[in-house]
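Okay, so here's the structure we're looking at.
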Amino acid sequence: MSTQTGLDEPTITVPLTQWNRVKNQTSQALSLIDASNLKLTEAQSLTMRQSDELNKLKSINEKQANELMKAKQDSMKQEDYLNQTNKYLEIANKEIQQSKRTEARLHRQRDIWAVVAGAATLGAIVAAAK
């Protein structure tokens with residue numbers, strides 16, 4: 001290493017072959033760094049796109065979860081409505097059965113009164129004929 005007097009910067013003397021080798025290695029290292037930077041940029045871009053897609057998918061999942069919750073609530077309301085309707089149908093069925101029993105009883109009473117009235121009329125006719 002030699003220093004020039006009067007200049008602020010020191011000067012280094014290196015053999016030309018060694019300088020060319022260092023220059024080539026430095027150039028190769030810079031090329032590798034540039035290639036790595038390019039791949040890193042591509043990876044970062046891909047990561048950002050995947051992050052955006054993931055956020056969109058999360059949003060879709062949240063919407064689907066909300067829709068499923070609404071569907072579940074609607075289903076529960078429909079189940080309640082069907083249970084209530086079933087109760088009303090059971091009450092109506094009991095009332096219909098009661099009405100059928102009442103109707104059958106009234107038919108029997110009518111038939112008995114018809115027989116009694118017919119027998120009384122026949123008895124009156126027979127009694128009048130004697």
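Letters for chains follow the order of the structure tokens (A, B, ...), residue numbers begin at 1 for each chain, and ligand numbers begin at 1 in the order shown.
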Would you mind listing, for every residue of segment 28-80 of chain A within 10 Å of segment 84-105 of chain A, the two atoms forming the shortest contact and the distance between them in Å to one decimal, using only C-alpha atoms, sorted by chain and ascending residue number, as a Markdown table?
| residue | atom | partner | partner_atom | distance |
| --- | --- | --- | --- | --- |
| A:Gln78 | CA | A:Gln84 | CA | 9.7 |
| A:Glu79 | CA | A:Gln84 | CA | 8.5 |
| A:Asp80 | CA | A:Gln84 | CA | 6.1 |
Coordinates-based distance that separates atom CA of Val126 of chain A from atom CA of His107 of chain A (Å, one decimal):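 A separation of 27.7 Å between them.
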Between atom CA of Ala127 of chain A and atom CA of Asp111 of chain A - distance in Å to one decimal: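 Those two atoms sit 23.5 Å apart.
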